[in-house]
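Undergrad: The file below is entry30.csv, CSV, C-alpha atoms:
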```csv
chain,number,residue,atom,x,y,z
A,1,MET,CA,5.8,0.0,-33.5
A,2,TYR,CA,4.7,2.7,-31.0
A,3,TYR,CA,1.0,2.0,-31.5
A,4,ILE,CA,1.5,-1.8,-31.0
A,5,LEU,CA,3.5,-1.3,-27.7
A,6,ILE,CA,1.1,1.3,-26.2
A,7,TYR,CA,-1.7,-1.2,-26.1
A,8,MET,CA,0.4,-4.1,-24.8
A,9,TYR,CA,-1.0,-3.3,-21.4
A,10,TYR,CA,-4.7,-3.3,-21.2
A,11,GLY,CA,-4.8,-2.7,-17.4
A,12,VAL,CA,-2.7,-1.2,-14.6
A,13,LEU,CA,-3.4,-2.2,-11.0
A,14,PHE,CA,-2.0,-0.1,-8.2
A,15,ASP,CA,-1.3,-0.8,-4.6
A,16,PHE,CA,-2.5,2.1,-2.4
A,17,ALA,CA,-0.5,3.0,0.7
A,18,GLY,CA,3.2,3.6,-0.1
A,19,THR,CA,2.4,3.7,-3.8
A,20,LEU,CA,-0.2,6.3,-4.6
A,21,PHE,CA,0.9,8.3,-1.6
A,22,SER,CA,4.2,8.3,0.4
A,23,LEU,CA,4.4,6.7,3.8
A,24,ARG,CA,7.5,8.7,4.5
A,25,ASP,CA,5.5,11.9,4.4
A,26,MET,CA,3.4,10.5,7.3
A,27,ARG,CA,6.3,9.6,9.6
A,28,LYS,CA,6.1,12.7,11.8
A,29,GLN,CA,2.3,12.3,12.4
A,30,PHE,CA,2.7,8.7,13.2
A,31,ARG,CA,5.5,9.3,15.6
A,32,GLU,CA,3.3,11.8,17.3
A,33,VAL,CA,0.7,9.0,17.7
A,34,LEU,CA,3.2,6.7,19.3
A,35,ILE,CA,4.4,9.4,21.7
A,36,ASP,CA,0.8,10.2,22.6
A,37,VAL,CA,0.0,6.6,23.4
A,38,LEU,CA,3.1,6.2,25.6
A,39,GLU,CA,2.4,9.5,27.4
A,40,LYS,CA,-1.3,8.5,27.9
A,41,GLY,CA,0.0,5.4,29.7
A,42,ASN,CA,2.6,7.4,31.7
A,43,VAL,CA,5.2,5.2,30.1
A,44,GLN,CA,8.9,6.1,30.3
A,45,TYR,CA,10.6,6.1,26.9
A,46,ALA,CA,13.7,7.2,25.1
A,47,THR,CA,12.9,9.3,22.1
A,48,ASP,CA,15.6,7.7,20.0
A,49,ASP,CA,14.1,4.2,20.7
A,50,ILE,CA,10.6,4.8,19.4
A,51,GLY,CA,11.1,4.2,15.7
A,52,ALA,CA,13.1,1.0,16.0
A,53,ALA,CA,10.9,-0.3,18.8
A,54,TYR,CA,7.7,0.1,16.6
A,55,LYS,CA,9.4,-1.4,13.5
A,56,GLU,CA,10.4,-4.5,15.6
A,57,SER,CA,6.9,-4.7,17.0
A,58,VAL,CA,5.3,-4.7,13.6
A,59,ALA,CA,7.7,-7.4,12.4
A,60,LYS,CA,6.7,-9.6,15.4
A,61,ALA,CA,3.0,-8.9,14.7
A,62,PHE,CA,3.4,-10.1,11.1
A,63,ILE,CA,4.7,-13.4,12.5
A,64,GLU,CA,1.9,-13.7,15.0
A,65,VAL,CA,-1.0,-12.5,12.7
A,66,GLY,CA,0.1,-12.1,9.2
A,67,GLY,CA,1.1,-15.6,8.2
A,68,THR,CA,-2.2,-16.5,6.6
A,69,PRO,CA,-3.8,-15.7,3.3
A,70,PHE,CA,-6.2,-13.3,5.0
A,71,TYR,CA,-6.1,-11.3,8.2
A,72,TYR,CA,-7.6,-8.0,9.4
A,73,HIS,CA,-5.1,-5.3,9.5
A,74,ARG,CA,-6.8,-3.9,12.6
A,75,ASP,CA,-5.8,-7.1,14.3
A,76,LEU,CA,-2.2,-6.9,13.0
A,77,PHE,CA,-1.7,-3.3,14.2
A,78,LYS,CA,-3.5,-4.0,17.5
A,79,VAL,CA,-0.9,-6.7,18.2
A,80,ALA,CA,1.9,-4.3,17.0
A,81,PHE,CA,0.8,-1.7,19.5
A,82,ILE,CA,0.7,-4.3,22.3
A,83,ASN,CA,4.2,-5.5,21.3
A,84,PHE,CA,5.3,-1.8,21.2
A,85,LEU,CA,3.9,-1.1,24.7
A,86,ASP,CA,5.4,-4.3,26.1
A,87,HIS,CA,8.8,-3.1,24.8
A,88,PHE,CA,8.6,-0.1,27.2
A,89,GLY,CA,7.1,-2.1,30.1
A,90,ALA,CA,3.7,-0.5,29.9
A,91,GLU,CA,0.7,-1.6,31.9
A,92,ASN,CA,-2.9,-1.6,30.6
A,93,THR,CA,-1.7,-2.6,27.1
A,94,GLU,CA,-5.2,-3.6,26.0
A,95,GLU,CA,-6.7,-0.2,26.7
A,96,LEU,CA,-3.7,1.7,25.4
A,97,SER,CA,-3.4,-0.4,22.2
A,98,THR,CA,-7.1,0.2,21.5
A,99,TYR,CA,-6.5,3.9,21.9
A,100,GLY,CA,-3.4,3.8,19.7
A,101,LEU,CA,-5.4,2.0,17.0
A,102,GLU,CA,-8.1,4.6,17.0
A,103,ARG,CA,-5.5,7.4,16.8
A,104,GLN,CA,-3.7,5.6,14.0
A,105,THR,CA,-6.9,5.1,12.0
A,106,SER,CA,-7.8,8.8,12.3
A,107,MET,CA,-4.3,9.9,11.3
A,108,ALA,CA,-4.2,7.4,8.4
A,109,ILE,CA,-7.5,8.8,7.0
A,110,GLN,CA,-6.6,12.5,7.3
A,111,ALA,CA,-2.8,12.7,6.7
A,112,PRO,CA,-2.1,11.2,3.2
A,113,ALA,CA,-1.7,13.3,0.2
A,114,LEU,CA,-1.5,11.8,-3.3
A,115,ARG,CA,1.9,12.0,-5.1
A,116,SER,CA,1.7,14.9,-7.5
A,117,SER,CA,1.9,12.7,-10.6
A,118,VAL,CA,-0.9,10.3,-9.7
A,119,LEU,CA,-3.9,12.1,-11.2
A,120,PRO,CA,-2.1,13.1,-14.4
A,121,THR,CA,-1.0,9.5,-14.8
A,122,LEU,CA,-4.5,8.1,-14.2
A,123,LYS,CA,-5.9,10.6,-16.7
A,124,PHE,CA,-3.4,9.4,-19.3
A,125,LEU,CA,-4.2,5.8,-18.7
A,126,LYS,CA,-8.0,6.5,-19.0
A,127,GLU,CA,-7.5,8.5,-22.2
A,128,SER,CA,-5.4,5.6,-23.6
A,129,GLY,CA,-8.2,3.1,-22.9
A,130,ILE,CA,-6.3,1.3,-20.2
A,131,SER,CA,-8.3,0.0,-17.3
A,132,THR,CA,-7.2,0.8,-13.7
A,133,ALA,CA,-7.8,-0.5,-10.3
A,134,ILE,CA,-6.5,0.0,-6.7
A,135,VAL,CA,-5.8,-3.3,-4.9
A,136,SER,CA,-5.1,-2.7,-1.2
A,137,ASN,CA,-4.2,-4.6,2.0
A,138,ILE,CA,-6.2,-2.1,4.1
A,139,ASP,CA,-9.4,-2.7,6.1
A,140,ASN,CA,-12.5,-1.0,4.9
A,141,ASP,CA,-12.7,1.5,7.8
A,142,HIS,CA,-9.5,3.0,6.5
A,143,PHE,CA,-9.7,2.3,2.8
A,144,TYR,CA,-13.0,3.8,1.8
A,145,PRO,CA,-12.8,7.1,3.8
A,146,MET,CA,-9.3,7.6,2.4
A,147,LEU,CA,-10.4,7.0,-1.2
A,148,GLU,CA,-13.3,9.4,-0.7
A,149,ARG,CA,-11.1,12.1,0.9
A,150,LEU,CA,-8.5,11.8,-1.9
A,151,ASP,CA,-11.3,11.9,-4.5
A,152,LEU,CA,-10.0,8.7,-6.3
A,153,PHE,CA,-13.3,7.0,-7.1
A,154,GLU,CA,-13.9,8.9,-10.4
A,155,HIS,CA,-10.3,8.3,-11.5
A,156,VAL,CA,-10.1,4.5,-11.4
A,157,ASP,CA,-12.4,1.7,-12.7
A,158,PHE,CA,-12.3,-0.6,-9.7
A,159,VAL,CA,-11.2,-0.8,-6.1
A,160,ILE,CA,-10.8,-3.8,-3.8
A,161,SER,CA,-9.7,-4.1,-0.2
A,162,SER,CA,-8.3,-7.1,1.5
A,163,GLU,CA,-11.3,-7.1,3.8
A,164,GLU,CA,-13.7,-7.3,0.9
A,165,ALA,CA,-11.6,-10.0,-0.9
A,166,CYS,CA,-11.0,-12.0,2.3
A,167,SER,CA,-7.5,-12.1,0.9
A,168,CYS,CA,-4.3,-10.2,1.5
A,169,LYS,CA,-1.5,-9.8,-1.0
A,170,PRO,CA,0.5,-11.8,-2.0
A,171,ASP,CA,-2.4,-14.2,-1.9
A,172,PRO,CA,-3.6,-14.7,-5.5
A,173,LYS,CA,-7.3,-14.2,-4.7
A,174,ILE,CA,-7.3,-10.5,-4.3
A,175,PHE,CA,-5.4,-10.0,-7.5
A,176,ASN,CA,-7.7,-12.3,-9.4
A,177,ILE,CA,-10.8,-10.5,-8.2
A,178,ALA,CA,-9.5,-7.3,-9.7
A,179,LEU,CA,-8.4,-9.0,-13.0
A,180,ASP,CA,-11.8,-10.7,-13.3
A,181,ASN,CA,-13.8,-7.6,-12.6
A,182,LEU,CA,-11.9,-5.6,-15.3
A,183,LYS,CA,-11.8,-8.7,-17.7
A,184,LEU,CA,-8.0,-8.5,-17.9
A,185,GLU,CA,-5.5,-11.2,-18.6
A,186,PRO,CA,-2.5,-11.2,-16.3
A,187,TYR,CA,0.0,-11.1,-19.1
A,188,HIS,CA,-1.4,-7.8,-20.4
A,189,THR,CA,-1.6,-6.3,-16.9
A,190,LEU,CA,1.0,-4.2,-15.0
A,191,PHE,CA,1.0,-4.2,-11.2
A,192,VAL,CA,2.5,-1.2,-9.4
A,193,GLY,CA,3.5,-1.4,-5.8
A,194,ASP,CA,6.0,-0.6,-3.1
A,195,THR,CA,6.6,-3.9,-1.3
A,196,PRO,CA,8.8,-6.5,-3.0
A,197,PHE,CA,7.0,-9.5,-1.4
A,198,ALA,CA,3.3,-8.7,-1.1
A,199,ASP,CA,3.0,-6.5,-4.3
A,200,ILE,CA,5.7,-7.6,-6.7
A,201,GLU,CA,6.2,-11.3,-5.9
A,202,GLY,CA,2.4,-11.7,-5.5
A,203,ALA,CA,1.7,-10.2,-9.0
A,204,LYS,CA,4.6,-12.0,-10.6
A,205,SER,CA,3.2,-15.3,-9.4
A,206,LEU,CA,0.2,-14.7,-11.6
A,207,ASN,CA,2.3,-13.7,-14.6
A,208,MET,CA,1.6,-10.0,-14.4
A,209,ALA,CA,4.3,-7.4,-15.3
A,210,THR,CA,5.5,-5.4,-12.3
A,211,ALA,CA,6.8,-2.0,-11.4
A,212,LEU,CA,8.3,-1.5,-7.9
A,213,ILE,CA,8.3,2.1,-6.8
A,214,ASN,CA,11.5,3.2,-4.9
A,215,GLU,CA,11.1,6.8,-3.8
A,216,LYS,CA,14.5,6.8,-2.2
A,217,SER,CA,16.0,7.3,-5.7
A,218,ASP,CA,15.4,9.6,-8.6
A,219,PHE,CA,16.7,7.3,-11.3
A,220,GLY,CA,13.4,7.4,-13.2
A,221,LEU,CA,12.4,4.2,-15.1
A,222,LYS,CA,14.8,1.3,-14.7
A,223,ILE,CA,14.1,-1.8,-16.9
A,224,ILE,CA,15.0,-5.0,-15.2
A,225,SER,CA,13.5,-7.1,-17.9
A,226,ASP,CA,10.6,-6.8,-20.4
A,227,ARG,CA,8.2,-7.8,-17.6
A,228,GLU,CA,9.9,-6.2,-14.6
A,229,PHE,CA,10.6,-2.5,-13.9
A,230,GLN,CA,11.6,-0.2,-11.1
A,231,ILE,CA,10.4,3.4,-10.9
A,232,SER,CA,11.0,6.4,-8.7
A,233,ASP,CA,7.7,8.2,-9.5
A,234,ILE,CA,4.2,7.1,-10.7
A,235,LYS,CA,4.6,9.2,-13.8
A,236,ASP,CA,7.2,6.6,-15.0
A,237,ILE,CA,4.3,4.3,-15.7
A,238,VAL,CA,3.6,6.4,-18.8
A,239,GLU,CA,6.9,5.3,-20.3
A,240,ILE,CA,6.2,1.6,-19.6
A,241,VAL,CA,2.8,1.5,-21.3
A,242,ARG,CA,4.1,3.6,-24.2
A,243,GLY,CA,7.0,1.1,-24.6
A,244,LYS,CA,9.6,3.7,-24.4
```
Please render this file's structure as structure tokens.
TA:
Amino acid sequence: MYYILIYMYYGVLFDFAGTLFSLRDMRKQFREVLIDVLEKGNVQYATDDIGAAYKESVAKAFIEVGGTPFYYHRDLFKVAFINFLDHFGAENTEELSTYGLERQTSMAIQAPALRSSVLPTLKFLKESGISTAIVSNIDNDHFYPMLERLDLFEHVDFVISSEEACSCKPDPKIFNIALDNLKLEPYHTLFVGDTPFADIEGAKSLNMATALINEKSDFGLKIISDREFQISDIKDIVEIVRGK
């Protein structure tokens, strides 16, 4: 029974940001970016208001920019910065938002560190004959420098960005490009991500199995159904593909 279940999944596709590395670990650096932008514009702000204001600004930007099958994330975050600066009554929002986007890009490339279990898990999957890919809603100017710095190219079989695919999750196109490239059938593929809508619902719409990572808990592997899982660490993927 063990040997039948271990090969039920022939491929595992991973989201990138928030999945292979934690966004929570980058909060301090990003907060520093936001403060830097405000201070560069001589904008008055309340320290306690920064996080909530930016979160609201991103939500508004998704409504303005993100409601289509494909959009550039640089456009999304440019609008988010403009909304953020408008919240504090800043002037020169165009100049300041461009500066903020540049600072954010630099921080995003340099700050992330892989979760400690990522490389051992990828090694296990490769040794088990399971194909792997990274499927990310990140523009190329972020995505490829990050992959190179984190030394991920040699550990996965395929990578695809939303910019290359001209498709952003949950749109099916970006998922299908990865599946087709690796010659995988959706039913025998597991998608691992951290966002319930873009990652999980997008993958489920194509009949892939899904694993939602929830780093706020240490419950390990939680089985929702035989096609749906919740995990607290990337290493929990090993239990899924082993059928344990």
Undergrad: Do you have, as JSON lines, the list of residues of segment 147-169 of chain A lying at most 12 Å from segment 15-19 of chain A, each with its nearest atom pair and that distance in Å to one decimal, counting all atoms listed in the file and ordered by chain then number?
TA:
```
{"residue": "A:Leu147", "atom": "CA", "partner": "A:Phe16", "partner_atom": "CA", "distance": 9.4}
{"residue": "A:Leu150", "atom": "CA", "partner": "A:Phe16", "partner_atom": "CA", "distance": 11.4}
{"residue": "A:Leu152", "atom": "CA", "partner": "A:Phe16", "partner_atom": "CA", "distance": 10.7}
{"residue": "A:Val159", "atom": "CA", "partner": "A:Phe16", "partner_atom": "CA", "distance": 9.9}
{"residue": "A:Ile160", "atom": "CA", "partner": "A:Asp15", "partner_atom": "CA", "distance": 10.0}
{"residue": "A:Ser161", "atom": "CA", "partner": "A:Phe16", "partner_atom": "CA", "distance": 9.8}
{"residue": "A:Ser162", "atom": "CA", "partner": "A:Asp15", "partner_atom": "CA", "distance": 11.2}
{"residue": "A:Cys168", "atom": "CA", "partner": "A:Asp15", "partner_atom": "CA", "distance": 11.6}
{"residue": "A:Lys169", "atom": "CA", "partner": "A:Asp15", "partner_atom": "CA", "distance": 9.7}
```
Undergrad: Pick out the closest residue to Phe158 of chain A from this set: A:Val37, A:Met8, A:Leu13, A:Leu206. Count all atoms listed in the file.
TA: A:Leu13
Undergrad: Show which residues sit within 8 Å of Val43 of chain A, as number ranges by chain. Count all atoms listed in the file, and ignore same-chain residues fewer than 5 positions away.
TA: A: 38, 88-90
Undergrad: Quick one: everything within 8 Å of Tyr10 of chain A, counting all atoms listed in the file, minus sequence neighbours fewer than 6 positions away in the same chain. Send it as a list in words.
TA: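 In the requested format, the answer is Gly129, Ile130, Ser131, Leu184, His188 and Thr189 of chain A.
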Undergrad: Tell me, in Å to one decimal, how far atom CA of Val58 of chain A is from atom CA of Arg31 of chain A.
TA: 14.1 Å
